[in-house]
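Report on the following structure.
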Amino acid sequence: MHTTIVDGSDGNSMFPQVPPFSRLFKLALLLGFLSFATRQLNVGSWNSGGVTILWPTNGFLLGVLLSNPKRQWPAYISIGWAIDFVVNLSLSTPLVHGVYLSGCNMLEVLLAAFLLYPVIAPKPDLTQRKQFVAFLAYGVVLAPAVASLLASFMQTDQLKLPTFHDIHRWFTADALGIATVTPLYLAFQQRERFSGRSRLEICGLFLLLCAVTFGVFWQTSVPLLFLVMPFLLMLGVRLGLAASALGLLVVSILGGFLTTAGHGPVLLMRSTAISERDLLFQLFIITCMLLVYVVEVLILESRRLQVNVQSSERRFRLLAEASSDIIVLTDLEGKRHYVSPSVVEVLGWRPEDLLDGSYRELAHPDDVPAMRRLFEDCHAGLVPRALEYRCRRQDGSYVWLEINPRLYHAADSGAPAGFVNVARDVSWRKAREEELQRAFEDAKHLASTDSLTGVANRRHFDLVLEREWLRAAREQTRLSLLLMDVDFFKPYNDIYGHLTGDACLRSIADAVRLALKRPADLLARYGGEELVVVLPNTDSDGALQIAEHIRREVEALDIPHTGNVGNKVTISIGCATLVPLPGSAPVALMLAADRALYQAKGFGRNKVQLADHFPASEPAFVSGQGLKLS
């Protein structure tokens with residue numbers, strides 16, 4: 001028979017509507033044999049006025065339905081009903097009663113099959129708790145109870161309300177049959193036969209169970225029923241659920257035959273009614289069934305849990321050992337319990353060298369507070385963030401790592417247990433970032449530097465002047481400007497050449513730069529041979545002193561210039577000082593410095609001149625002497 005259910009909706013065309021005739025024929029033979037064997041088992045009890053001890057055919061048919069698609073169920077149910085009807089006729093059951101009772105049996109099987117199919121059919125495994133509980137609830141209790149109740153209405157020629165004895169005659173036997181035969185059938189269909197043990201062990205254990213069962217139920221002097229239980233448990237532990245089901249069936253058959261034949265410990269009870277002895281025997285089988293199956297389920301759940309844990313641990317170690325990242329497990333205090341092997345390649349430490357230590361030992365002292373805050377935030381349930389920190393290698397050097405911690409919880413209590421830390425070597429990224437930063441700074445420097453003299457260019461000068469102007473207007477402080485020009489520089493180029501002229505400008509720029517002492521002062525090339533100096537928070541007297549110092553320093557260079565007065569290079573400087581008013585623009589300061597430079601040249605060059613006039617087009621300025629101009 002098919003053992004794999006591909007589609008619970010029965011829409012798969014690989015399953016025909018009607019099973020092959022050979023399969024139906026085999027099913028009919030097996031059901032007929034089981035019915036005949038069951039009749040022989042129960043006939044002694046029936047003849048003595050007892051109840052049916054075990055009825056396994058319904059459990060067998062239920063296993064068949066759960067192992068095949070629903071579209072084939074009508075054929076199997078038809079075969080089952082026919083065999084059951086023939087058995088009823090052989091027991092001299094009236095025709096109408098036989099039809100009705102066989103229908104009750106098929107209703108029992110169908111009800112259990114419909115309820116269990118969604119749970120069990122995809123992958124039958126009654127050792128799983130969900131399947132086991134559903135099997136007990138629907139297959140062992142509900143379906144037999146419904147069928148027994150319906151069958152009990154027809155115990156005589158007239159309908160009557162059923163009694164407990166009437167229901168008991170059906171229910172217990174059917175429940176035991178399903179409980180023993182259905183798991184056995186499903187286990188064999190799934191090829192889970194005795195956990196792969198040797199034939200010698202299998203035969204030895206079953207022979208031992210048979211011998212113990214026969215010994216217990218043959219004698220009638222001592223209540224030794226409890227001796228059967230350990231051997232059933234041993235059978236289940238060693239050989240699995242299939243062996244447990246088969247063992248229960250063996251005990252049921254042997255014990256049932258001997259009990260109905262007048263043997264066994266149940267005869268020690270005071271009651272002489274065979275039905276009560278049968279009930280006691282059935283209760284014993286039910287107790288054995290529950291104990292054996294529950295123990296089997298718990299054992300296999302424990303094994304599956306252990307296998308899952310081991311599998312998870314193997315996967316974790318495989319991933320951790322194959323990863324180039326460092327994976328560290330720590331407790332809530334940061335104490336390490338596991339370090340992946342990649343730490344050797346990244347840091348030079350062996351994993352065992354770092355166990356029981358904490359991040360405080362290896363992190364750079366400046367990074368420890370940030371790491372402590374990171375772990376505290378993670379423990380508090382905040383969204384974890386990545387943190388870059390410096391970690392000490394075995395050789396004492398530091399390498400940049402990026403850590404990304406995650407809080408994990410204890411499996412039993414669910415309380416926070418520690419951190420899973422994934423640390424990645426980001427030295428290459430930090431080096432790249434530093435390289436990009438240097439490139440940015442270089443580009444920024446090139447964009448703001450005059451390529452000839454190495455001082456600030458006109459663009460950078462405009463930005464700085466605007467910024468300092470706004471600050472001076474906001475704070476109402478003085479801002480001074482020095483505009484300087486090389487005297488007779490065009491003739492110098494004509495006499496000595498442009499290359500020498502370029503060298504002369506560089507020398508002058510170096511001299512001016514050395515003359516400026518404050519970091520806030522800015523020297524820039526304004527254009528051609530003109531240089532400009534911005535002096536924040538400087539009054540007119542200070543500006544004149546600085547300008548005069550610059551003039552002398554340039555003159556002291558003694559750069560020959562036959563086309564200039566004194567036969568050496570000199571400069572003329574125009575000074576302007578203002579206290580800007582809010583909303584004004586710095587153009588007036590530039591114009592005033594330019595006019596002062598023009599006056600210095602008019603007075604014979606190589607001079608410093610302070611602006612004494614400011615353009616009327618830019619009102620609301622205050623001069624360096626505190627005079628308000630309009």
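To be explicit about the labels: the chains of the structure tokens are called A, B, and onward in the order shown, and within each one the residues are counted from 1, while ligands get numbers from 1 in the order they are shown.
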>> Would you pick out the contacts of Pro369 (chain A) at 12 Å or less, using only C-alpha atoms, so that residues sharing its chain but fewer than 5 positions from it are not included, and give the list as a list of chain:residue names?
In response: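 Here the qualifying residues turn out to be A:Tyr359, A:Arg360, A:Ala363, A:His364, A:Leu374, A:Phe375, A:Glu376, A:Leu387, A:Tyr389.
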> Which residues, written as JSON, numbers by chain, have at least one atom at most 12 Å from region 234-238 of chain A, with only C-alpha atoms counted and residues fewer than 6 positions away on the same chain left out?
Replying inline: {"A": [127, 193, 194, 195, 196, 197, 198, 201, 202, 203, 204, 205, 206, 207, 208, 209, 210, 227, 228, 244, 245, 246, 247, 248, 250, 288, 289, 291, 292, 293, 294, 295, 296, 297, 298, 299, 300, 303]}
>> Give me, as a PyMOL selection string, all polymer residues having an atom no more than 6 Å from Ala143 (chain A), counting only C-alpha atoms and skipping those fewer than 3 positions away in the same chain.
In response: chain A and resi 108+111-112+138-139+146
>> Just want the 9 Å neighbourhood of Lys568 (chain A), counted on only C-alpha atoms, with same-chain residues fewer than 4 positions away dropped. Output as a count of residues only.
In response: 9
>> as a ChimeraX atom specification, please: every residue in region 150-370 of chain A that a backbone DSSP assignment puts in helix (DSSP H, G or I).
In response: /A:150-151,164-189,194-196,199-218,225-239,241-260,265-268,274-322,343-347,351-354,359-362,365-370
> What residues in region 368-478 of chain A get the DSSP label strand (DSSP E or B)? Please answer as a ChimeraX atom specification.
Replying inline: /A:387-392,398-409,416-425,449,456
Restricted to C-alpha atoms, what would the selected residues look like written as a compact mmCIF listing (two decimals), in the first residue's frame?
# COMPACT_ATOMS: atom_id res chain seq x y z
CA LEU A 387 30.45 49.90 17.26
CA GLU A 388 33.97 50.30 15.94
CA TYR A 389 36.69 49.93 18.54
CA ARG A 390 40.37 49.14 18.79
CA CYS A 391 41.27 45.65 19.97
CA ARG A 392 44.70 44.59 21.15
CA TYR A 398 45.77 47.42 17.93
CA VAL A 399 43.41 46.54 15.12
CA TRP A 400 40.06 48.12 14.35
CA LEU A 401 37.08 45.78 14.89
CA GLU A 402 33.37 46.33 14.41
CA ILE A 403 31.24 44.59 17.04
CA ASN A 404 27.53 43.91 16.74
CA PRO A 405 26.14 42.31 19.93
CA ARG A 406 22.83 40.49 20.31
CA LEU A 407 21.18 39.54 23.60
CA TYR A 408 20.23 35.87 23.95
CA HIS A 409 17.93 34.29 26.53
CA PRO A 416 18.57 37.26 29.50
CA ALA A 417 21.61 34.99 29.66
CA GLY A 418 24.36 36.76 27.75
CA PHE A 419 25.48 38.22 24.44
CA VAL A 420 26.36 36.83 21.05
CA ASN A 421 29.07 39.12 19.73
CA VAL A 422 30.09 39.14 16.07
CA ALA A 423 33.33 41.07 15.62
CA ARG A 424 34.64 41.92 12.16
CA ASP A 425 38.04 43.21 11.15
CA THR A 449 45.20 77.43 -1.85
CA ALA A 456 45.02 81.04 0.50
> At what distance in Å, to one decimal, does CA of Ile79 (chain A) lie from CA of Thr172 (chain A)?
Replying inline: 23.9 Å
> Between CA of Val212 (chain A) and CA of Ala179 (chain A), what is the distance, to one decimal in Å?
Replying inline: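 That distance, rounded to one decimal, is 21.8 Å.
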As a PDB file with N, CA and C atoms, in the first residue's frame, please: the residues near Phe33 (chain A) (cut-off 10 Å, only C-alpha atoms, same-chain neighbours under 5 positions excluded).
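Result saved to selection-v1.pdb:
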ATOM      1  N   LEU A  27      -6.173  -6.942   1.047  1.00  0.00           N
ATOM      2  CA  LEU A  27      -6.850  -6.346   2.191  1.00  0.00           C
ATOM      3  C   LEU A  27      -7.992  -7.240   2.670  1.00  0.00           C
ATOM      4  N   ALA A  28      -8.755  -7.788   1.730  1.00  0.00           N
ATOM      5  CA  ALA A  28      -9.858  -8.666   2.101  1.00  0.00           C
ATOM      6  C   ALA A  28      -9.357  -9.907   2.836  1.00  0.00           C
ATOM      7  N   THR A  38      -9.835 -13.048  15.568  1.00  0.00           N
ATOM      8  CA  THR A  38     -10.523 -12.316  16.634  1.00  0.00           C
ATOM      9  C   THR A  38     -11.712 -13.124  17.164  1.00  0.00           C
ATOM     10  N   ARG A  39     -12.423 -13.777  16.243  1.00  0.00           N
ATOM     11  CA  ARG A  39     -13.557 -14.601  16.679  1.00  0.00           C
ATOM     12  C   ARG A  39     -13.073 -15.717  17.594  1.00  0.00           C
ATOM     13  N   THR A  57      -9.756  -5.468  13.822  1.00  0.00           N
ATOM     14  CA  THR A  57      -9.971  -5.197  12.395  1.00  0.00           C
ATOM     15  C   THR A  57     -10.224  -3.714  12.122  1.00  0.00           C
ATOM     16  N   ILE A  83     -16.467  -7.637   4.642  1.00  0.00           N
ATOM     17  CA  ILE A  83     -15.859  -8.643   5.519  1.00  0.00           C
ATOM     18  C   ILE A  83     -16.561  -8.637   6.871  1.00  0.00           C
TER      19      ILE A  83
END
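Residue nearest Gly604 (chain A) within the list A:Asp487, A:Glu548, A:Asp521, A:Glu433: A:Asp487 [criterion: smallest interatomic distance, only C-alpha atoms].
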